[in-house]
Each structure stands twice: as C-alpha cells, then as structure tokens.
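Report on one structure; see the data block that follows.
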Amino acid sequence: MNPFKLAITQGPRPLGTWMMTGSDTVAEAMATVGFDFLVLDQEHVPVDSLDAIRIDRAIRASNPATTPLYRLAWNDTVLIKRALDGGATSLMVPFVNSAAEARKAVEAAYYPPLGKRGFAAVHRASGYGADPEFVRKAWEELCLILQIETPDAIDAMEEMAIEGVTGFFIGPGDMSAAMGHIGNPSHPEVQAKIREGLEKCQRLGLPCGIVGGNPELVNKYQEMGFSFVALGSDMSYLLARAREQLAAIRGERLSISGGEVY
C-alpha cells in the first residue's frame with residue numbers, strides 16, 4: 001500500500017514540507033531530515049516532467065519512507081497522465097472548485113471503468129514493463145488529493161467527494177486571497193472557513209490536509225484535527241537560516257520561526 005495514503009487514511013498523521021527550490025539535490029538532502037512527505041511543487045515552481053522524475057528519484061533513494069507528493073501545475077489530463085506514468089503515486093490537483101472539475105481529475109487519474117486514463121505498458125511507473133501487477137497497483141495505491149482554495153470550493157465539497165477522491169487539501173494562502181485577506185491566513189474569517197472545510201471532510205470521512213508557515217500554525221492545525229500538515233518550505237528554511245547567520249556575523253540577534261505563508 002502507498003504509505004502516504006495509508007497514513008492519511010488510518011494514521012499516524014504525517015508531517016511534511018514544501019519543495020520550492022526545484023532542486024533534486026535539495027530534495028535529496030531534505031529527505032534525510034525525517035519528513036513523512038515532501039510536496040513536489042509544479043504549480044509555482046518551473047519543474048517539468050523530467051525535473052519531477054529526477055526529484056522523485058532523489059527523494060526515494062535518500063529515504064524510502066519519505067513520499068514525494070506531486071502538486072501538479074493544473075487540473076490537466078496530460079499533466080496528470082505524465083506524472084502517473086513517470087512514477088507518481090500521490091497527487092494533489094490544484095484549484096478544484098466543482099463536482100465537474102473533481103470528475104475531470106478522477107477520469108484523468110484512473111484507468112477504466114472509473115476513469116479514462118490512457119494506457120501504456122512500458123514506462124517508469126510499470127517498471128518499464130517488468131511489473132505485471134502495475135494496473136492493480138495503479139488502482140489500489142493511487143492517492144488523489146483535491147486542493148480546495150476558495151469559499152465556493154468549500155461550499156461544493158460534498159458534491160466533489162466522488163469515488164476515486166482520496167481526500168482534500170485546503171490551501172490557506174489562496175483561501176485568504178479569495179476572501180480579501182491576501183497573505184493573512186490567520187484572519188478570523190479565513191480561519192472560520194478553513195474550520196468549516198475541515199469539519200465537512202470529517203463528516204464525509206475523508207482526510208484533509210493543510211500547510212502552515214510556522215510551527216505555531218502547524219501545531220494549531222494538528223490540534224484542530226487535520227489528517228496531514230506541511231510546515232513551511234525548503235526555500236523558507238534556507239532563507240531563514242541565511243538571514244540568521246548573516247545577522248549573527250553583523251552582531252545582530254535574529255530568530256525566524258516562519259511566516260504566515262510558505
């Protein structure tokens with residue numbers, strides 16, 4: 001079983017971080033830290049299919065217990081197919097707002113009869129044709145997470161919880177922007193909407209994830225009951241440590257715990 005899918009559905013709750021550098025070397029190093037998953041961002045980072053495979057290889061070779069969670073560039077049939085054929089087992093599809101868009105993601109991710117995924121027998125995901133159980137594994141082990149990033153999407157969650165959807169991920173940054181509080185996910189109105197989305201997931205019996213820019217937010221989200229949480233990003237860690245070290249050399253005291261967003 002896909003260990004990430006198993007963890008978010010049965011526990012223990014995994015903790016991860018975002019990969020914003022687009023570097024396979026940084027990903028390889030981050031996998032040694034002990035995160036349960038690393039979000040391989042292709043939406044806001046110029047990471048194409050070949051880059052993603054290199055990053056995936058680096059993570060799995062460095063620590064097989066760390067799952068590469070692909071955050072795709074868009075809810076696009078070709079992008080989903082390429083990620084899965086390239087070896088991805090866990091996907092996050094961004095900006096899904098309706099049942100129709102949820103169905104589009106499911107149809108692209110699953111083979112018939114549930115979906116309409118195009119079939120090829122010889123690619124990285126099938127061990128280049130060496131794994132006779134590939135199709136069964138593709139069905140059973142796929143983890144498909146839909147990203148909820150607007151109030152309208154939270155309102156439509158019940159209709160989006162269709163067969164093939166493993167769970168949801170609430171994007172606090174985009175949610176705050178959609179609600180007129182850009183860059184401020186901690187605004188009470190945004191937090192109330194986030195809690196509403198989490199409670200809907202819990203009623204539906206589906207896992208729900210989120211990201212926090214600092215340990216305080218992550219602890220809060222874990223206490224609220226989120227199934228999986230990401231803490232910051234490789235880029236935010238790199239910049240924070242560099243700024244702290246530079247300040248120390250200049251005789252200044254600086255400690256950065258993280259911000260509102262990652």
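By convention in this document, the chains of the structure tokens carry letters A, B, ... by their order, each chain's residues are numbered from 1, and ligands are numbered from 1 in the order they are shown.
Residues in contact range of region 37-53 of chain A, defined as at most 6 Å between only C-alpha atoms, with sequence neighbours fewer than 4 positions away removed, read A:Gly16, A:Thr17, A:Trp18, A:Met19, A:Thr66, A:Thr67, A:Pro68, A:Leu69, A:Tyr70, A:Arg71, A:Leu72, A:Ala73.
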Note to self: I'd like the contact shell of Ala138 (chain A) - 9 Å cut-off, only C-alpha atoms, skipping same-chain residues fewer than 4 positions apart - returned as a ChimeraX atom specification.
What the structure shows: /A:84,89,110-111,125,133-134,142
Restricting the output to N, CA, C and O atoms, write the selected residues as a PDB file, in the first residue's frame.
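File produced: selection-v1.pdb:
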ATOM      1  N   LEU A  84       1.729  10.377 -13.487  1.00  0.00           N
ATOM      2  CA  LEU A  84       1.489   8.993 -13.097  1.00  0.00           C
ATOM      3  C   LEU A  84       2.367   8.026 -13.889  1.00  0.00           C
ATOM      4  O   LEU A  84       2.954   7.096 -13.315  1.00  0.00           O
ATOM      5  N   THR A  89       2.752   8.361  -7.288  1.00  0.00           N
ATOM      6  CA  THR A  89       1.668   7.579  -6.695  1.00  0.00           C
ATOM      7  C   THR A  89       0.734   8.450  -5.861  1.00  0.00           C
ATOM      8  O   THR A  89      -0.364   8.008  -5.509  1.00  0.00           O
ATOM      9  N   TYR A 110      -7.469   7.733 -13.218  1.00  0.00           N
ATOM     10  CA  TYR A 110      -7.784   6.301 -13.092  1.00  0.00           C
ATOM     11  C   TYR A 110      -8.006   5.665 -14.451  1.00  0.00           C
ATOM     12  O   TYR A 110      -8.567   6.276 -15.362  1.00  0.00           O
ATOM     13  N   TYR A 111      -7.608   4.398 -14.530  1.00  0.00           N
ATOM     14  CA  TYR A 111      -7.929   3.605 -15.710  1.00  0.00           C
ATOM     15  C   TYR A 111      -9.421   3.277 -15.715  1.00  0.00           C
ATOM     16  O   TYR A 111     -10.072   3.319 -14.662  1.00  0.00           O
ATOM     17  N   ALA A 125       6.525   3.975 -14.317  1.00  0.00           N
ATOM     18  CA  ALA A 125       5.589   3.520 -13.290  1.00  0.00           C
ATOM     19  C   ALA A 125       5.372   2.012 -13.310  1.00  0.00           C
ATOM     20  O   ALA A 125       5.054   1.418 -12.279  1.00  0.00           O
ATOM     21  N   GLU A 133       1.805  -6.524 -12.043  1.00  0.00           N
ATOM     22  CA  GLU A 133       0.757  -6.065 -11.137  1.00  0.00           C
ATOM     23  C   GLU A 133       0.540  -4.559 -11.242  1.00  0.00           C
ATOM     24  O   GLU A 133      -0.164  -3.979 -10.414  1.00  0.00           O
ATOM     25  N   PHE A 134       1.121  -3.946 -12.249  1.00  0.00           N
ATOM     26  CA  PHE A 134       1.091  -2.486 -12.332  1.00  0.00           C
ATOM     27  C   PHE A 134      -0.322  -1.914 -12.347  1.00  0.00           C
ATOM     28  O   PHE A 134      -0.624  -0.966 -11.622  1.00  0.00           O
ATOM     29  N   LEU A 142      -3.137   4.520  -5.776  1.00  0.00           N
ATOM     30  CA  LEU A 142      -3.201   5.937  -6.139  1.00  0.00           C
ATOM     31  C   LEU A 142      -3.834   6.759  -5.017  1.00  0.00           C
ATOM     32  O   LEU A 142      -4.902   6.420  -4.503  1.00  0.00           O
TER      33      LEU A 142
END
Note to self: With only C-alpha atoms as the counted atoms, please give the residues lying no more than 8 Å from region 189-197 of chain A, apart from itself and same-chain residues fewer than 4 positions off, as a PyMOL selection string.
What the structure shows: chain A and resi 151+154+157+170+172+175-176+179+181+185+201+224
Can you list, as a tab-separated table (two decimals) with all heavy atoms, in the first residue's frame, every protein, DNA or RNA residue that comes within 12 Å of Glu163 (chain A) when you count only C-alpha atoms, leaving out same-chain residues fewer than 2 positions away?
chain	number	residue	atom	x	y	z
A	99	ALA	N	-17.96	19.80	-8.69
A	99	ALA	CA	-18.06	18.36	-8.94
A	99	ALA	C	-17.55	18.01	-10.33
A	99	ALA	O	-16.91	16.97	-10.53
A	99	ALA	CB	-19.51	17.91	-8.76
A	102	ALA	N	-13.85	17.95	-10.21
A	102	ALA	CA	-13.41	16.76	-9.48
A	102	ALA	C	-13.50	15.53	-10.38
A	102	ALA	O	-12.59	14.69	-10.41
A	102	ALA	CB	-14.26	16.56	-8.22
A	103	ARG	N	-14.58	15.43	-11.13
A	103	ARG	CA	-14.74	14.31	-12.05
A	103	ARG	C	-13.64	14.32	-13.12
A	103	ARG	O	-13.12	13.26	-13.49
A	103	ARG	CB	-16.13	14.39	-12.71
A	103	ARG	CG	-16.37	13.43	-13.87
A	103	ARG	CD	-16.12	11.98	-13.52
A	103	ARG	NE	-16.98	11.51	-12.43
A	103	ARG	CZ	-16.81	10.34	-11.80
A	103	ARG	NH1	-15.81	9.54	-12.17
A	103	ARG	NH2	-17.61	9.99	-10.83
A	105	ALA	N	-10.58	15.35	-12.80
A	105	ALA	CA	-9.35	14.85	-12.19
A	105	ALA	C	-9.40	13.33	-12.02
A	105	ALA	O	-8.42	12.63	-12.31
A	105	ALA	CB	-9.13	15.52	-10.84
A	106	VAL	N	-10.52	12.81	-11.56
A	106	VAL	CA	-10.67	11.36	-11.37
A	106	VAL	C	-10.55	10.64	-12.71
A	106	VAL	O	-9.86	9.61	-12.82
A	106	VAL	CB	-12.01	11.04	-10.68
A	106	VAL	CG1	-12.32	9.55	-10.75
A	106	VAL	CG2	-11.98	11.50	-9.23
A	107	GLU	N	-11.21	11.13	-13.72
A	107	GLU	CA	-11.17	10.48	-15.03
A	107	GLU	C	-9.76	10.47	-15.61
A	107	GLU	O	-9.36	9.50	-16.27
A	107	GLU	CB	-12.13	11.17	-16.00
A	107	GLU	CG	-13.60	10.92	-15.67
A	107	GLU	CD	-14.54	11.60	-16.65
A	107	GLU	OE1	-14.07	12.47	-17.42
A	107	GLU	OE2	-15.73	11.26	-16.64
A	109	ALA	N	-6.98	10.42	-13.79
A	109	ALA	CA	-6.06	9.70	-12.92
A	109	ALA	C	-6.27	8.19	-12.90
A	109	ALA	O	-5.33	7.45	-12.59
A	109	ALA	CB	-6.16	10.25	-11.50
A	110	TYR	N	-7.47	7.73	-13.22
A	110	TYR	CA	-7.78	6.30	-13.09
A	110	TYR	C	-8.01	5.67	-14.45
A	110	TYR	O	-8.57	6.28	-15.36
A	110	TYR	CB	-9.04	6.11	-12.24
A	110	TYR	CG	-8.82	6.34	-10.76
A	110	TYR	CD1	-8.98	7.60	-10.21
A	110	TYR	CD2	-8.45	5.29	-9.91
A	110	TYR	CE1	-8.77	7.83	-8.86
A	110	TYR	CE2	-8.26	5.51	-8.56
A	110	TYR	CZ	-8.40	6.78	-8.04
A	110	TYR	OH	-8.20	7.00	-6.70
A	113	PRO	N	-12.77	1.07	-15.47
A	113	PRO	CA	-14.00	1.78	-15.82
A	113	PRO	C	-14.24	3.07	-15.03
A	113	PRO	O	-15.10	3.86	-15.42
A	113	PRO	CB	-15.08	0.76	-15.47
A	113	PRO	CG	-14.50	-0.01	-14.33
A	113	PRO	CD	-13.03	-0.11	-14.61
A	114	LEU	N	-13.50	3.31	-13.93
A	114	LEU	CA	-13.75	4.51	-13.15
A	114	LEU	C	-13.31	5.76	-13.89
A	114	LEU	O	-13.99	6.79	-13.86
A	114	LEU	CB	-13.03	4.43	-11.80
A	114	LEU	CG	-13.19	5.63	-10.86
A	114	LEU	CD1	-14.66	5.87	-10.53
A	114	LEU	CD2	-12.38	5.42	-9.58
A	115	GLY	N	-12.17	5.66	-14.58
A	115	GLY	CA	-11.64	6.83	-15.28
A	115	GLY	C	-11.44	6.59	-16.75
A	115	GLY	O	-11.94	5.61	-17.32
A	139	TRP	N	-4.51	1.21	-9.49
A	139	TRP	CA	-5.88	1.40	-8.99
A	139	TRP	C	-5.92	1.52	-7.47
A	139	TRP	O	-6.53	2.42	-6.91
A	139	TRP	CB	-6.75	0.23	-9.45
A	139	TRP	CG	-8.18	0.34	-9.02
A	139	TRP	CD1	-8.70	-0.03	-7.81
A	139	TRP	CD2	-9.27	0.88	-9.77
A	139	TRP	NE1	-10.04	0.23	-7.77
A	139	TRP	CE2	-10.42	0.79	-8.95
A	139	TRP	CE3	-9.38	1.40	-11.05
A	139	TRP	CZ2	-11.66	1.21	-9.39
A	139	TRP	CZ3	-10.62	1.84	-11.48
A	139	TRP	CH2	-11.74	1.74	-10.66
A	143	CYS	N	-3.18	7.85	-4.67
A	143	CYS	CA	-3.70	8.80	-3.69
A	143	CYS	C	-3.98	10.10	-4.43
A	143	CYS	O	-3.05	10.76	-4.91
A	143	CYS	CB	-2.68	9.02	-2.58
A	143	CYS	SG	-3.23	10.16	-1.30
A	144	LEU	N	-5.25	10.45	-4.54
A	144	LEU	CA	-5.66	11.63	-5.30
A	144	LEU	C	-6.26	12.66	-4.35
A	144	LEU	O	-7.35	12.46	-3.80
A	144	LEU	CB	-6.68	11.24	-6.38
A	144	LEU	CG	-7.18	12.39	-7.27
A	144	LEU	CD1	-6.04	13.00	-8.07
A	144	LEU	CD2	-8.28	11.90	-8.20
A	158	GLU	N	-19.16	18.50	-0.64
A	158	GLU	CA	-19.97	17.27	-0.61
A	158	GLU	C	-20.14	16.70	-2.01
A	158	GLU	O	-20.07	15.49	-2.21
A	158	GLU	CB	-21.34	17.54	0.02
A	158	GLU	CG	-21.32	17.80	1.52
A	158	GLU	CD	-21.17	19.27	1.84
A	158	GLU	OE1	-20.84	20.05	0.91
A	158	GLU	OE2	-21.38	19.66	3.00
A	159	GLU	N	-20.36	17.57	-3.00
A	159	GLU	CA	-20.54	17.12	-4.38
A	159	GLU	C	-19.22	16.68	-5.01
A	159	GLU	O	-19.21	15.89	-5.97
A	159	GLU	CB	-21.15	18.25	-5.23
A	159	GLU	CG	-22.59	18.58	-4.90
A	159	GLU	CD	-22.73	19.36	-3.60
A	159	GLU	OE1	-21.80	20.15	-3.29
A	159	GLU	OE2	-23.74	19.18	-2.90
A	160	MET	N	-18.10	17.15	-4.47
A	160	MET	CA	-16.79	16.80	-5.01
A	160	MET	C	-16.25	15.50	-4.42
A	160	MET	O	-15.28	14.94	-4.95
A	160	MET	CB	-15.80	17.95	-4.74
A	160	MET	CG	-16.15	19.23	-5.48
A	160	MET	SD	-15.35	20.70	-4.80
A	160	MET	CE	-13.64	20.32	-5.00
A	161	ALA	N	-16.85	15.01	-3.37
A	161	ALA	CA	-16.37	13.79	-2.70
A	161	ALA	C	-16.86	12.55	-3.43
A	161	ALA	O	-17.62	11.74	-2.91
A	161	ALA	CB	-16.83	13.79	-1.25
A	165	VAL	N	-11.69	10.00	-5.23
A	165	VAL	CA	-11.07	11.09	-4.49
A	165	VAL	C	-10.65	10.57	-3.11
A	165	VAL	O	-11.48	10.13	-2.33
A	165	VAL	CB	-12.03	12.28	-4.34
A	165	VAL	CG1	-11.43	13.35	-3.41
A	165	VAL	CG2	-12.35	12.88	-5.70
A	166	THR	N	-9.34	10.62	-2.83
A	166	THR	CA	-8.84	10.13	-1.54
A	166	THR	C	-9.10	11.12	-0.43
A	166	THR	O	-9.39	10.74	0.71
A	166	THR	CB	-7.33	9.85	-1.65
A	166	THR	OG1	-7.06	9.01	-2.77
A	166	THR	CG2	-6.82	9.16	-0.38
A	167	GLY	N	-8.96	12.41	-0.72
A	167	GLY	CA	-9.14	13.42	0.31
A	167	GLY	C	-8.99	14.81	-0.27
A	167	GLY	O	-8.93	15.00	-1.49
A	206	LEU	N	-13.34	11.72	5.08
A	206	LEU	CA	-12.18	11.83	4.19
A	206	LEU	C	-11.07	12.63	4.87
A	206	LEU	O	-11.34	13.57	5.62
A	206	LEU	CB	-12.58	12.52	2.89
A	206	LEU	CG	-13.56	11.76	1.99
A	206	LEU	CD1	-13.94	12.61	0.79
A	206	LEU	CD2	-12.95	10.44	1.53
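Coordinates place CA of Ile210 (chain A) at a distance of 16.3 Å from CA of Ala178 (chain A).
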Checklist line | A:Lys116, A:Glu101, A:Glu216, A:Asp76 ranked by distance to Ala156 (chain A), top pick (using only C-alpha atoms) | finding: A:Glu101
Item checked: DSSP-assigned strand (DSSP E or B) members of region 35-96 of chain A, reported as a PyMOL selection string -> chain A and resi 37-41+67-71+90-93
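Every protein, DNA or RNA residue with an atom at most 10 Å from Arg57 (chain A), where only C-alpha atoms count and chain neighbours fewer than 2 positions away do not, is listed here: A:Asp24, A:Ala27, A:Glu28, A:Asp51, A:Ala52, A:Ile53, A:Arg54, A:Ile55, A:Ile59, A:Arg60, A:Ala61, A:Ser62, A:Pro64, A:Pro68, A:Gly87.
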Next item on the list: Step one, run DSSP on the backbone; step two, keep only residues of region 19-262 of chain A assigned to alpha helix (DSSP H); then write them as an NGL selection string.
Entry: :A and (24-30 or 49-62 or 77-85 or 99-109 or 134-141 or 151-155 or 157-160 or 172-178 or 188-204 or 215-224 or 234-249)
